[in-house]
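Visitor: Contents of my_file.txt (compact mmCIF, C-alpha atoms) are below:
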```txt
# COMPACT_ATOMS: atom_id res chain seq x y z
CA MET A 1 -11.00 -21.79 1.59
CA ASP A 2 -7.85 -21.04 3.51
CA THR A 3 -9.03 -19.33 6.67
CA ILE A 4 -5.52 -18.20 7.60
CA LEU A 5 -5.68 -15.74 4.72
CA TYR A 6 -8.83 -14.04 5.90
CA GLY A 7 -8.44 -13.60 9.62
CA ASP A 8 -8.82 -16.15 12.35
CA ASP A 9 -8.66 -15.40 16.05
CA SER A 10 -9.90 -18.72 17.41
CA LYS A 11 -6.47 -19.48 18.92
CA ALA A 12 -5.98 -16.03 20.40
CA LEU A 13 -5.10 -15.75 24.08
CA VAL A 14 -6.08 -12.10 24.21
CA ARG A 15 -8.50 -10.67 21.65
CA PHE A 16 -7.26 -7.21 20.88
CA ASP A 17 -9.69 -4.68 19.49
CA PRO A 18 -9.16 -3.80 15.79
CA ARG A 19 -8.73 -0.18 16.86
CA THR A 20 -5.67 -1.20 18.89
CA LYS A 21 -4.27 -2.96 15.84
CA LEU A 22 -4.85 0.13 13.71
CA PHE A 23 -3.10 2.21 16.37
CA ILE A 24 -0.10 -0.13 16.20
CA PHE A 25 -0.10 0.18 12.39
CA LEU A 26 -0.09 3.99 12.60
CA SER A 27 2.69 4.05 15.18
CA CYS A 28 4.75 1.82 12.86
CA GLY A 29 4.22 4.37 10.09
CA LEU A 30 5.39 7.18 12.35
CA THR A 31 8.54 5.39 13.50
CA SER A 32 9.44 3.68 10.22
CA MET A 33 11.64 6.59 9.13
CA TYR A 34 13.63 6.27 12.36
CA THR A 35 14.21 2.55 12.45
CA TYR A 36 17.84 2.17 11.66
CA SER A 37 19.44 0.70 14.72
CA GLY A 38 19.50 0.47 18.44
CA ILE A 39 17.82 -1.17 21.34
CA TYR A 40 14.56 0.76 21.14
CA ILE A 41 13.60 -0.48 17.71
CA LEU A 42 14.31 -4.01 18.89
CA LEU A 43 11.95 -3.38 21.81
CA PHE A 44 9.37 -1.92 19.45
CA THR A 45 9.47 -4.93 17.13
CA GLY A 46 9.47 -7.21 20.15
CA ALA A 47 6.27 -5.57 21.35
CA ILE A 48 4.61 -6.08 17.96
CA CYS A 49 5.69 -9.74 17.99
CA ALA A 50 4.29 -10.13 21.51
CA VAL A 51 0.92 -8.77 20.41
CA LEU A 52 1.01 -11.04 17.36
CA ALA A 53 1.82 -14.04 19.55
CA LEU A 54 -1.00 -13.22 21.97
CA SER A 55 -3.38 -12.91 19.02
CA GLY A 56 -2.76 -16.53 18.10
CA LYS A 57 0.28 -16.47 15.82
CA PRO A 58 3.17 -17.44 18.14
CA TRP A 59 5.30 -19.14 15.48
CA THR A 60 5.07 -16.32 12.96
CA ALA A 61 5.94 -13.89 15.74
CA LEU A 62 8.94 -15.92 16.89
CA LYS A 63 10.32 -16.32 13.36
CA ALA A 64 9.87 -12.62 12.61
CA PHE A 65 11.59 -11.61 15.84
CA LEU A 66 14.56 -13.92 15.17
CA LEU A 67 14.86 -12.60 11.60
CA PHE A 68 14.80 -9.02 12.87
CA SER A 69 17.40 -9.65 15.57
CA VAL A 70 19.74 -11.39 13.12
CA ALA A 71 19.37 -8.54 10.62
CA LEU A 72 20.10 -5.99 13.32
CA TYR A 73 23.15 -7.93 14.52
CA VAL A 74 24.55 -8.33 10.99
CA LYS A 75 24.04 -4.66 10.26
CA GLU A 76 25.80 -3.55 13.43
CA ALA A 77 28.66 -5.97 12.75
CA VAL A 78 29.07 -4.72 9.18
CA ASP A 79 28.92 -1.07 10.23
CA ARG A 80 31.64 -1.55 12.83
CA GLY A 81 33.83 -3.98 10.91
CA GLY A 82 35.03 -1.52 8.24
CA SER A 83 34.73 -2.35 4.56
CA PRO A 84 37.21 -4.78 3.05
CA ALA A 85 34.95 -5.27 0.02
CA PRO A 86 32.64 -2.29 -0.60
CA ALA A 87 30.35 -4.15 -3.02
CA VAL A 88 29.59 -6.92 -0.51
CA VAL A 89 29.05 -4.36 2.24
CA LEU A 90 26.66 -2.41 0.03
CA ILE A 91 24.57 -5.48 -0.78
CA VAL A 92 24.52 -6.76 2.81
CA SER A 93 23.60 -3.39 4.27
CA VAL A 94 20.86 -2.81 1.70
CA VAL A 95 19.30 -6.22 2.37
CA THR A 96 19.45 -5.86 6.15
CA THR A 97 18.13 -2.31 5.96
CA LEU A 98 15.19 -3.41 3.85
CA ILE A 99 14.38 -6.03 6.50
CA LEU A 100 14.75 -3.54 9.35
CA TYR A 101 12.69 -0.93 7.54
CA ALA A 102 9.89 -3.09 6.22
CA LEU A 103 9.45 -5.80 8.86
CA PRO A 104 7.66 -3.80 11.60
CA THR A 105 5.16 -2.40 9.09
CA ILE A 106 4.63 -5.80 7.46
CA LEU A 107 4.07 -7.36 10.88
CA SER A 108 1.50 -4.74 11.82
CA ILE A 109 -0.34 -5.33 8.52
CA LEU A 110 -0.20 -9.09 9.17
CA LEU A 111 -1.64 -8.44 12.61
CA ILE A 112 -4.59 -6.60 11.10
CA VAL A 113 -5.11 -8.92 8.14
CA GLN A 114 -4.53 -12.34 9.67
CA THR A 115 -6.11 -12.01 13.10
CA THR A 116 -9.15 -9.81 12.42
CA ARG A 117 -12.38 -10.85 10.77
CA ILE A 118 -13.85 -8.24 8.47
CA SER A 119 -17.05 -8.01 10.52
CA GLN A 120 -15.01 -7.20 13.64
CA PHE A 121 -13.18 -4.57 11.67
CA LEU A 122 -16.37 -2.99 10.36
CA SER A 123 -18.06 -2.81 13.74
CA ALA A 124 -14.95 -1.41 15.44
CA LEU A 125 -14.61 1.31 12.81
CA SER A 126 -18.30 2.17 13.03
CA ALA A 127 -17.92 2.41 16.79
CA MET A 128 -15.45 5.22 16.14
CA HIS A 129 -18.33 7.11 14.47
CA LEU A 130 -16.51 7.32 11.16
CA PRO A 131 -18.75 7.84 8.12
CA VAL A 132 -19.50 4.85 5.89
CA ARG A 133 -17.49 6.35 3.05
CA VAL A 134 -14.34 6.09 5.16
CA VAL A 135 -15.09 2.77 6.83
CA ILE A 136 -15.85 0.63 3.78
CA PRO A 137 -12.82 1.52 1.62
CA ILE A 138 -10.39 1.00 4.54
CA ALA A 139 -11.99 -2.30 5.56
CA VAL A 140 -12.02 -3.55 1.96
CA LEU A 141 -8.40 -2.45 1.48
CA PHE A 142 -7.19 -4.64 4.33
CA ARG A 143 -9.50 -7.48 3.34
CA PHE A 144 -8.27 -7.35 -0.24
CA ILE A 145 -4.48 -7.25 0.22
CA PRO A 146 -4.25 -11.04 0.90
CA THR A 147 -6.55 -11.71 -2.06
CA VAL A 148 -4.25 -9.77 -4.36
CA GLN A 149 -1.23 -11.66 -3.00
CA ASP A 150 -3.02 -14.93 -3.58
CA GLU A 151 -3.91 -14.05 -7.18
CA TRP A 152 -0.37 -12.78 -7.75
CA ASN A 153 1.10 -16.11 -6.61
CA GLY A 154 -1.30 -17.98 -8.85
CA ILE A 155 -0.38 -15.84 -11.85
CA ARG A 156 3.34 -16.35 -11.26
CA LYS A 157 2.80 -20.10 -11.10
CA ALA A 158 0.74 -20.04 -14.30
CA MET A 159 3.43 -17.98 -16.02
CA ALA A 160 6.16 -20.35 -14.88
CA PHE A 161 4.08 -23.27 -16.15
CA ARG A 162 3.99 -21.63 -19.58
CA GLY A 163 7.72 -20.97 -19.44
CA ILE A 164 7.44 -17.19 -19.05
CA SER A 165 9.95 -15.91 -16.55
CA LEU A 166 9.44 -12.81 -14.46
CA SER A 167 13.09 -12.37 -13.51
CA PHE A 168 14.81 -9.01 -13.62
CA GLY A 169 16.50 -9.75 -16.94
CA SER A 170 13.41 -10.84 -18.80
CA VAL A 171 11.41 -7.86 -17.52
CA LEU A 172 14.21 -5.63 -18.79
CA ARG A 173 14.21 -7.30 -22.21
CA HIS A 174 10.44 -7.23 -22.76
CA PRO A 175 9.06 -4.51 -20.48
CA TRP A 176 5.76 -3.97 -22.32
CA ARG A 177 5.05 -7.66 -22.69
CA SER A 178 5.77 -8.33 -19.00
CA ILE A 179 3.42 -5.54 -17.93
CA GLU A 180 0.64 -6.94 -20.10
CA TYR A 181 1.21 -10.53 -18.94
CA VAL A 182 0.99 -9.50 -15.29
CA LEU A 183 -1.68 -6.80 -15.38
CA VAL A 184 -4.32 -8.40 -17.58
CA PRO A 185 -4.86 -11.65 -15.61
CA LEU A 186 -4.39 -9.87 -12.27
CA LEU A 187 -7.05 -7.28 -13.07
CA PHE A 188 -9.44 -9.78 -14.60
CA SER A 189 -9.33 -12.08 -11.59
CA THR A 190 -9.46 -9.30 -8.97
CA VAL A 191 -12.37 -7.57 -10.74
CA GLY A 192 -14.22 -10.89 -10.57
CA VAL A 193 -13.59 -11.13 -6.83
CA MET A 194 -14.63 -7.50 -6.36
CA GLU A 195 -17.97 -8.12 -8.02
CA GLU A 196 -18.63 -11.12 -5.78
CA LEU A 197 -17.62 -9.11 -2.72
CA ALA A 198 -19.92 -6.26 -3.69
CA ALA A 199 -22.82 -8.65 -4.28
CA ALA A 200 -22.22 -10.31 -0.90
CA ALA A 201 -22.10 -6.94 0.86
CA LEU A 202 -25.33 -5.79 -0.78
CA ALA A 203 -27.01 -9.06 0.16
CA ARG A 204 -26.09 -8.34 3.79
CA GLY A 205 -27.75 -4.95 3.57
CA MET A 206 -24.65 -2.77 3.57
CA ASP A 207 -26.46 -0.34 1.30
CA ILE A 208 -29.11 0.84 3.76
CA ASP A 209 -28.75 4.04 5.71
CA VAL A 210 -29.86 2.93 9.17
CA LYS A 211 -27.38 2.06 11.88
CA ARG A 212 -26.31 -1.54 11.60
CA SER A 213 -26.30 -3.90 14.52
CA SER A 214 -23.54 -6.47 14.73
CA TYR A 215 -22.94 -9.94 16.08
CA GLU A 216 -19.49 -8.83 17.16
CA GLU A 217 -19.33 -6.79 20.31
CA MET A 218 -16.37 -4.49 20.15
CA LYS A 219 -15.19 -2.91 23.36
CA LEU A 220 -11.83 -1.55 24.40
CA ARG A 221 -10.61 -3.62 27.35
CA ALA A 222 -7.72 -3.24 29.77
CA ALA A 223 -5.37 -5.17 27.47
CA ASP A 224 -6.13 -2.72 24.65
CA TYR A 225 -5.33 0.32 26.78
CA ILE A 226 -2.09 -1.26 28.01
CA ALA A 227 -0.99 -2.13 24.45
CA MET A 228 -1.81 1.36 23.16
CA ALA A 229 0.09 2.98 26.04
CA VAL A 230 3.16 0.78 25.44
CA PHE A 231 3.25 1.62 21.73
CA ALA A 232 2.63 5.33 22.30
CA VAL A 233 5.52 5.52 24.79
CA LEU A 234 7.90 3.51 22.59
CA ALA A 235 7.09 5.61 19.50
CA ALA A 236 7.49 8.86 21.45
CA VAL A 237 10.84 7.75 22.89
CA ILE A 238 12.20 6.70 19.49
CA ILE A 239 11.11 9.91 17.75
CA LEU A 240 12.26 12.21 20.58
CA ARG A 241 15.68 10.60 20.91
CA VAL A 242 16.35 10.84 17.21
CA SER A 243 15.12 14.38 16.77
CA THR A 244 17.05 15.71 19.77
CA LYS A 245 20.30 13.81 19.49
CA GLY A 246 20.39 12.88 15.82
CA ALA A 247 21.14 9.40 14.56
CA ALA A 248 23.83 8.90 17.17
CA GLY A 249 21.24 9.10 19.94
CA LEU A 250 20.17 5.52 19.55
CA MET B 1 -28.97 -8.00 -20.49
CA ALA B 2 -31.54 -6.88 -17.96
CA LYS B 3 -28.83 -6.57 -15.36
CA LYS B 4 -26.83 -4.27 -17.59
CA GLU B 5 -29.78 -1.95 -18.15
CA ILE B 6 -30.36 -1.62 -14.43
CA ASN B 7 -26.73 -0.78 -13.88
CA GLN B 8 -26.84 1.92 -16.49
CA THR B 9 -29.97 3.53 -15.14
CA THR B 10 -28.58 3.64 -11.61
CA GLN B 11 -25.38 5.13 -12.96
CA ASN B 12 -27.26 7.88 -14.72
CA ASP B 13 -29.63 8.59 -11.85
CA ASP B 14 -27.15 8.70 -9.11
CA LYS B 15 -24.14 10.91 -8.82
CA LYS B 16 -23.30 9.88 -5.27
CA MET B 17 -21.00 7.04 -4.28
CA ARG B 18 -22.91 3.93 -3.29
CA THR B 19 -21.66 0.96 -1.30
CA ARG B 20 -20.76 -0.91 -4.46
CA ASP B 21 -18.57 1.96 -5.64
CA LEU B 22 -16.90 2.26 -2.24
CA ILE B 23 -16.03 -1.44 -2.37
CA TYR B 24 -14.55 -1.07 -5.86
CA ALA B 25 -12.49 1.92 -4.75
CA GLY B 26 -11.12 0.10 -1.70
CA ALA B 27 -10.34 -3.06 -3.65
CA PHE B 28 -8.60 -1.25 -6.51
CA GLY B 29 -6.69 0.62 -3.81
CA ALA B 30 -5.40 -2.73 -2.56
CA VAL B 31 -4.34 -3.79 -6.06
CA TYR B 32 -2.65 -0.44 -6.67
CA ILE B 33 -0.76 -0.52 -3.38
CA VAL B 34 0.41 -4.13 -3.73
CA LEU B 35 1.69 -3.47 -7.27
CA MET B 36 3.37 -0.26 -6.15
CA LEU B 37 5.10 -2.03 -3.26
CA ILE B 38 6.27 -4.83 -5.56
CA VAL B 39 7.71 -2.29 -8.01
CA VAL B 40 9.30 -0.04 -5.36
CA LEU B 41 10.70 -2.77 -3.09
CA GLY B 42 11.82 -4.80 -6.10
CA THR B 43 13.91 -1.95 -7.48
CA SER B 44 14.91 0.17 -4.50
CA ALA B 45 18.15 -1.74 -3.86
CA ILE B 46 19.72 0.21 -6.74
CA PRO B 47 19.93 3.93 -5.88
CA ILE B 48 19.17 5.24 -9.37
CA LEU B 49 16.05 3.09 -9.61
CA TYR B 50 14.98 4.36 -6.20
CA ILE B 51 15.04 7.88 -7.60
CA VAL B 52 13.13 6.98 -10.78
CA ALA B 53 10.41 5.05 -8.91
CA PRO B 54 7.77 7.69 -9.89
CA PHE B 55 8.44 6.73 -13.51
CA THR B 56 8.29 2.95 -13.07
CA VAL B 57 5.24 3.03 -10.82
CA GLY B 58 3.46 5.34 -13.26
CA VAL B 59 4.11 2.93 -16.13
CA VAL B 60 2.88 -0.13 -14.24
CA CYS B 61 0.00 1.25 -12.17
CA ALA B 62 -1.73 3.49 -14.73
CA THR B 63 -3.95 0.64 -15.91
CA VAL B 64 -5.18 -0.10 -12.39
CA TYR B 65 -6.08 3.55 -11.83
CA GLU B 66 -7.85 3.90 -15.17
CA LEU B 67 -9.91 0.76 -14.60
CA CYS B 68 -10.92 2.03 -11.17
CA VAL B 69 -12.13 5.45 -12.31
CA LEU B 70 -13.72 4.11 -15.49
CA LYS B 71 -15.60 1.47 -13.53
CA VAL B 72 -16.97 3.80 -10.86
CA HIS B 73 -17.73 6.82 -13.08
CA LYS B 74 -18.48 9.12 -10.15
CA PHE B 75 -16.89 11.80 -8.02
CA GLY B 76 -14.70 10.23 -5.35
CA ALA B 77 -13.04 7.20 -6.91
CA ALA B 78 -9.72 8.91 -7.60
CA LEU B 79 -9.91 10.74 -4.29
CA ILE B 80 -10.39 7.56 -2.24
CA LEU B 81 -7.57 5.86 -4.13
CA GLY B 82 -5.36 8.88 -3.39
CA VAL B 83 -6.21 8.93 0.31
CA LEU B 84 -5.52 5.19 0.68
CA PHE B 85 -2.22 5.68 -1.16
CA ALA B 86 -1.29 8.56 1.13
CA LEU B 87 -2.13 6.53 4.25
CA VAL B 88 0.20 3.70 3.25
CA ALA B 89 2.99 5.47 1.37
CA CYS B 90 3.40 8.76 3.25
CA SER B 91 2.46 7.88 6.81
CA GLY B 92 4.72 9.83 9.15
CA ASN B 93 5.27 12.57 6.59
CA ILE B 94 2.41 15.06 6.98
CA LEU B 95 3.47 17.41 4.18
CA GLY B 96 3.79 14.53 1.73
CA MET B 97 0.41 13.22 2.79
CA VAL B 98 -1.30 16.56 2.18
CA LEU B 99 0.38 16.95 -1.21
CA ALA B 100 -0.56 13.40 -2.24
CA ILE B 101 -4.21 14.06 -1.41
CA ALA B 102 -4.01 17.38 -3.29
CA ALA B 103 -2.74 15.50 -6.37
CA ALA B 104 -5.66 13.10 -6.15
CA LEU B 105 -8.06 16.04 -5.84
CA ALA B 106 -6.53 17.63 -8.95
CA ALA B 107 -7.08 14.35 -10.81
CA GLU B 108 -10.68 14.32 -9.63
CA LEU B 109 -11.20 17.87 -10.91
CA ILE B 110 -9.76 16.96 -14.32
CA ILE B 111 -12.26 14.10 -14.57
CA LYS B 112 -15.02 16.51 -13.52
CA ALA B 113 -13.98 18.89 -16.29
CA GLY B 114 -14.78 16.06 -18.70
CA ASN B 115 -18.18 15.67 -17.00
CA TYR B 116 -17.41 12.03 -16.07
CA LYS B 117 -17.95 11.06 -19.70
CA SER B 118 -14.89 12.06 -21.67
CA ARG B 119 -12.46 9.15 -22.02
CA LYS B 120 -9.64 11.60 -22.79
CA MET B 121 -10.12 13.41 -19.49
CA TYR B 122 -10.09 10.11 -17.61
CA LEU B 123 -6.80 9.22 -19.25
CA LEU B 124 -5.39 12.71 -18.70
CA SER B 125 -6.25 12.72 -15.00
CA PHE B 126 -3.62 10.06 -14.26
CA LEU B 127 -0.92 12.62 -15.13
CA ALA B 128 -2.07 14.62 -12.11
CA PHE B 129 -2.67 11.56 -9.96
CA ASN B 130 0.80 10.11 -10.50
CA LEU B 131 2.35 13.26 -9.00
CA ASN B 132 1.56 11.63 -5.64
CA MET B 133 4.53 9.31 -6.23
CA VAL B 134 6.76 12.38 -5.77
CA CYS B 135 5.29 13.08 -2.33
CA PRO B 136 7.18 10.42 -0.31
CA TYR B 137 10.36 12.18 -1.45
CA THR B 138 9.37 15.60 -0.10
CA MET B 139 11.71 15.02 2.82
CA LEU B 140 14.59 14.70 0.38
CA TYR B 141 13.82 18.15 -1.05
CA PHE B 142 13.18 20.19 2.04
CA HIS B 143 15.37 18.53 4.65
CA ARG B 144 18.10 17.23 2.41
CA ASP B 145 20.91 17.27 4.97
CA GLU B 146 18.80 15.55 7.58
CA PHE B 147 17.67 13.00 5.03
CA MET B 148 21.26 12.35 3.99
CA ALA B 149 22.44 12.00 7.57
CA ARG B 150 19.66 9.54 8.13
CA SER B 151 20.31 7.47 5.06
CA VAL B 152 23.99 7.18 6.03
CA SER B 153 23.05 5.41 9.22
CA PHE B 154 20.06 3.79 7.55
CA TYR B 155 21.50 2.35 4.36
CA GLY B 156 25.23 2.72 5.08
CA GLN B 157 27.76 5.20 3.70
CA GLU B 158 28.10 3.57 0.27
CA PHE B 159 24.41 3.73 -0.52
CA ALA B 160 24.14 7.30 0.76
CA ASP B 161 27.11 8.46 -1.36
CA GLU B 162 25.56 6.85 -4.38
CA LEU B 163 22.22 8.46 -3.55
CA ALA B 164 23.83 11.88 -2.98
CA LYS B 165 25.18 11.82 -6.54
CA TYR B 166 21.64 11.85 -7.86
CA ALA B 167 20.16 14.11 -5.19
CA VAL B 168 21.17 17.25 -7.07
CA ASN B 169 19.47 20.59 -6.70
CA GLY B 170 16.24 20.73 -8.61
CA LEU B 171 15.69 17.02 -8.07
CA ALA B 172 12.06 17.83 -7.33
CA PHE B 173 11.57 19.07 -10.89
CA ILE B 174 13.38 16.07 -12.35
CA GLN B 175 11.15 13.72 -10.37
CA ILE B 176 8.00 15.62 -11.35
CA GLY B 177 9.13 15.30 -14.95
CA LEU B 178 9.78 11.58 -14.46
CA ALA B 179 6.37 11.12 -12.85
CA LEU B 180 4.67 12.87 -15.76
CA ALA B 181 6.64 10.90 -18.35
CA GLY B 182 5.91 7.62 -16.56
CA ALA B 183 2.25 8.54 -16.32
CA ALA B 184 2.11 9.39 -20.03
CA ILE B 185 3.61 6.03 -21.01
CA GLY B 186 1.42 4.26 -18.48
CA VAL B 187 -1.71 5.92 -19.83
CA PHE B 188 -0.71 4.91 -23.36
CA ILE B 189 -0.37 1.28 -22.20
CA ALA B 190 -3.61 1.56 -20.24
CA SER B 191 -5.64 2.77 -23.21
CA LYS B 192 -4.17 -0.01 -25.40
CA LEU B 193 -4.94 -2.68 -22.79
CA ILE B 194 -8.42 -1.34 -22.10
CA ASN B 195 -9.25 -1.37 -25.81
CA LYS B 196 -7.68 -4.76 -26.35
CA HIS B 197 -9.03 -6.63 -23.31
CA PHE B 198 -11.22 -4.95 -20.75
CA GLU B 199 -13.75 -3.26 -23.01
CA LYS B 200 -14.38 -6.48 -24.94
CA ALA B 201 -14.94 -8.37 -21.69
CA ASN B 202 -17.49 -5.75 -20.63
CA ILE B 203 -15.60 -5.00 -17.43
CA ILE B 204 -15.93 -1.23 -17.67
```
Since I need it in another form, could you write the structure as structure tokens?
Guide:
Amino acid sequence: MDTILYGDDSKALVRFDPRTKLFIFLSCGLTSMYTYSGIYILLFTGAICAVLALSGKPWTALKAFLLFSVALYVKEAVDRGGSPAPAVVLIVSVVTTLILYALPTILSILLIVQTTRISQFLSALSAMHLPVRVVIPIAVLFRFIPTVQDEWNGIRKAMAFRGISLSFGSVLRHPWRSIEYVLVPLLFSTVGVMEELAAAALARGMDIDVKRSSYEEMKLRAADYIAMAVFAVLAAVIILRVSTKGAAGL
Amino acid sequence: MAKKEINQTTQNDDKKMRTRDLIYAGAFGAVYIVLMLIVVLGTSAIPILYIVAPFTVGVVCATVYELCVLKVHKFGAALILGVLFALVACSGNILGMVLAIAAALAAELIIKAGNYKSRKMYLLSFLAFNLNMVCPYTMLYFHRDEFMARSVSFYGQEFADELAKYAVNGLAFIQIGLALAGAAIGVFIASKLINKHFEKANII
């Protein structure tokens, strides 16, 4: 099995607590509506990349940061350069905006999914005294997103092998057929994985009502507090500047 | 066969969510959200498709929702799916988040009206559930000028002009209509697919 898919922190320099990673994810959600341009959003993404690098993914972090900086630069250049060809400008600005909008959130999800083992996640969430009904669905959600991606890639390969294309045109020509061809294998394979996951969880005694002990010891350390403070300040600055001065404030 | 009998007795005995059901709800939530993101991000480059996203997502995701609620058969499956959706899709938009959870609760009540047995009520509940796709747009309805000012700097003037053409008054009602229409078509596909594939394979 590919361990990269399911969380591996053996190369981490600093082991951040899953709660810190969740905090980063939430702050990305709060700022994502404000992320159009400016130095602060570059700082914000830089901070996420730094955390990702410290958690053992330096190359992913570096690539993401370079991609983000290039997108930001291109967008600024296009905005200032006028529009000789409106269609090109429209396409370029939409693509760069998608990158600027989605990348911080995707990075924070990557941070949770790729550098956290599910047992760490469970014990950190239980340490927050959340009820089981909240903890399990959230933990399974983050555990399952890479599985769905994996199955999705496999289905696309199988479809290509059979000569069925999933391009925009073919979806437009046969919408019902495309939906069936994607949904049926995706749901069949994910339901199979779900049943295995449920059986594994029951075998580990997730069903009992007593408090569970854990091999993982989850404690908030100095690094966690520093990271949370940095993200709280950055998010507050971004939101305040935009809501007081408008878009021009950045 | 023995395994199936045990499952059925526990289902009848127990109205509360057990760990197994919570795992199903979380996992179907992941499938739902990944499909929704593929549909929305894949089409949002064209302004008109961005506006009709409630329709397209309803058509594609109905089957996932129906499988989830039909598999769990208890109070809470639709609600958990709705809360997970709200966390990912409307984070940073409190009003939208509350409305999305309210839509999920309405869906849950519709299923309850069918006593967790009626297939028609299960199918019908997606019409209420899919209204949550309208919730991320609440900003567009209530703070239209601010939203427009933002999307100028966000997507560039051309995209915003194009978007403004469709952002007419009463857009909320148009999108609710689109969400309901998409959900209706999606439910039709879902019932066909469930009859054709999933019931035969004994998945639900």
Visitor: Pick out the chain A residues within 6 Å of chain B. Count only C-alpha atoms. Give them as a PyMOL selection string.
Guide: chain A and resi 29-30+36+94+97+137+140-141+144-145+198+207
Visitor: Have a look at A:Ser178, A:Thr31, A:Ser213, A:Ser10 and name the one nearest to Ser123 of chain A; count all atoms listed in the file.
Guide: A:Ser213
Visitor: What does the distance from atom CA of Gly58 of chain B to atom CA of Ala181 of chain B come to in Å, to one decimal?
Guide: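 According to the coordinates, atom CA of Gly58 of chain B and atom CA of Ala181 of chain B are separated by 8.2 Å.
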Visitor: Which residue gives the smallest distance to Gly186 of chain B among B:Val69, B:Leu127, B:Ala103, B:Leu95, with all atoms listed in the file counted?
Guide: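 Of B:Val69, B:Leu127, B:Ala103, B:Leu95, the one nearest Gly186 of chain B is B:Leu127, counting all atoms listed in the file.
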Visitor: So the first atom is atom CA of Leu79 of chain B and the second is atom CA of Ala199 of chain A; what is the distance between them in Å, to one decimal place?
Guide: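 Pair atom CA of Leu79 of chain B / atom CA of Ala199 of chain A returns 23.3 Å.
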Visitor: I'd like the interatomic distance between atom CA of Pro131 of chain A and atom CA of Tyr215 of chain A, to a tenth of an Å.
Guide: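 Separation between atom CA of Pro131 of chain A and atom CA of Tyr215 of chain A: 19.9 Å.
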Visitor: Segment 173-178 of chain B: which residues within 12 Å, counting only C-alpha atoms, same-chain residues fewer than 3 positions away excluded, as a VMD selection string?
Guide: chain B and resid 48 to 59 103 127 to 138 140 to 141 166 to 170 181 to 186
Visitor: Using all atoms listed in the file, which of A:Trp152, A:Phe16, A:Tyr181, A:Phe121 sits nearest Ile226 of chain A?
Guide: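 Closest to Ile226 of chain A, using all atoms listed in the file: A:Phe16.
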Visitor: Tell me which of A:Met194, A:Lys211, A:Tyr101, A:Val92 sits closest to Thr147 of chain A, counting only C-alpha atoms.
Guide: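 Of A:Met194, A:Lys211, A:Tyr101, A:Val92, the one nearest Thr147 of chain A is A:Met194, counting only C-alpha atoms.
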Visitor: Pull segment 187-196 of chain B out of the block and emit N, CA, C and O atoms, as an mmCIF file, in the first residue's frame.
Guide:
```cif
data_model
loop_
_atom_site.group_PDB
_atom_site.id
_atom_site.type_symbol
_atom_site.label_atom_id
_atom_site.label_comp_id
_atom_site.auth_asym_id
_atom_site.auth_seq_id
_atom_site.Cartn_x
_atom_site.Cartn_y
_atom_site.Cartn_z
ATOM 1 N N VAL B 187 -32.691 12.459 -8.879
ATOM 2 C CA VAL B 187 -33.418 11.393 -8.176
ATOM 3 C C VAL B 187 -33.926 10.356 -9.159
ATOM 4 O O VAL B 187 -33.881 9.138 -8.897
ATOM 5 N N PHE B 188 -34.381 10.838 -10.336
ATOM 6 C CA PHE B 188 -34.835 9.912 -11.381
ATOM 7 C C PHE B 188 -33.690 8.972 -11.783
ATOM 8 O O PHE B 188 -33.850 7.749 -11.811
ATOM 9 N N ILE B 189 -32.495 9.572 -12.030
ATOM 10 C CA ILE B 189 -31.328 8.749 -12.378
ATOM 11 C C ILE B 189 -31.008 7.797 -11.238
ATOM 12 O O ILE B 189 -30.727 6.607 -11.442
ATOM 13 N N ALA B 190 -31.061 8.337 -9.994
ATOM 14 C CA ALA B 190 -30.688 7.527 -8.841
ATOM 15 C C ALA B 190 -31.582 6.312 -8.723
ATOM 16 O O ALA B 190 -31.103 5.189 -8.495
ATOM 17 N N SER B 191 -32.905 6.515 -8.890
ATOM 18 C CA SER B 191 -33.796 5.360 -8.719
ATOM 19 C C SER B 191 -33.557 4.334 -9.823
ATOM 20 O O SER B 191 -33.602 3.131 -9.589
ATOM 21 N N LYS B 192 -33.296 4.836 -11.058
ATOM 22 C CA LYS B 192 -32.964 3.901 -12.155
ATOM 23 C C LYS B 192 -31.707 3.098 -11.809
ATOM 24 O O LYS B 192 -31.681 1.869 -11.947
ATOM 25 N N LEU B 193 -30.643 3.817 -11.386
ATOM 26 C CA LEU B 193 -29.367 3.140 -11.127
ATOM 27 C C LEU B 193 -29.492 2.169 -9.962
ATOM 28 O O LEU B 193 -28.919 1.076 -9.987
ATOM 29 N N ILE B 194 -30.246 2.586 -8.932
ATOM 30 C CA ILE B 194 -30.377 1.719 -7.764
ATOM 31 C C ILE B 194 -31.107 0.442 -8.153
ATOM 32 O O ILE B 194 -30.709 -0.670 -7.789
ATOM 33 N N ASN B 195 -32.186 0.595 -8.967
ATOM 34 C CA ASN B 195 -32.895 -0.610 -9.412
ATOM 35 C C ASN B 195 -32.024 -1.475 -10.302
ATOM 36 O O ASN B 195 -32.058 -2.697 -10.217
ATOM 37 N N LYS B 196 -31.237 -0.806 -11.165
ATOM 38 C CA LYS B 196 -30.508 -1.563 -12.180
ATOM 39 C C LYS B 196 -29.279 -2.255 -11.585
ATOM 40 O O LYS B 196 -28.944 -3.362 -11.985
#
```
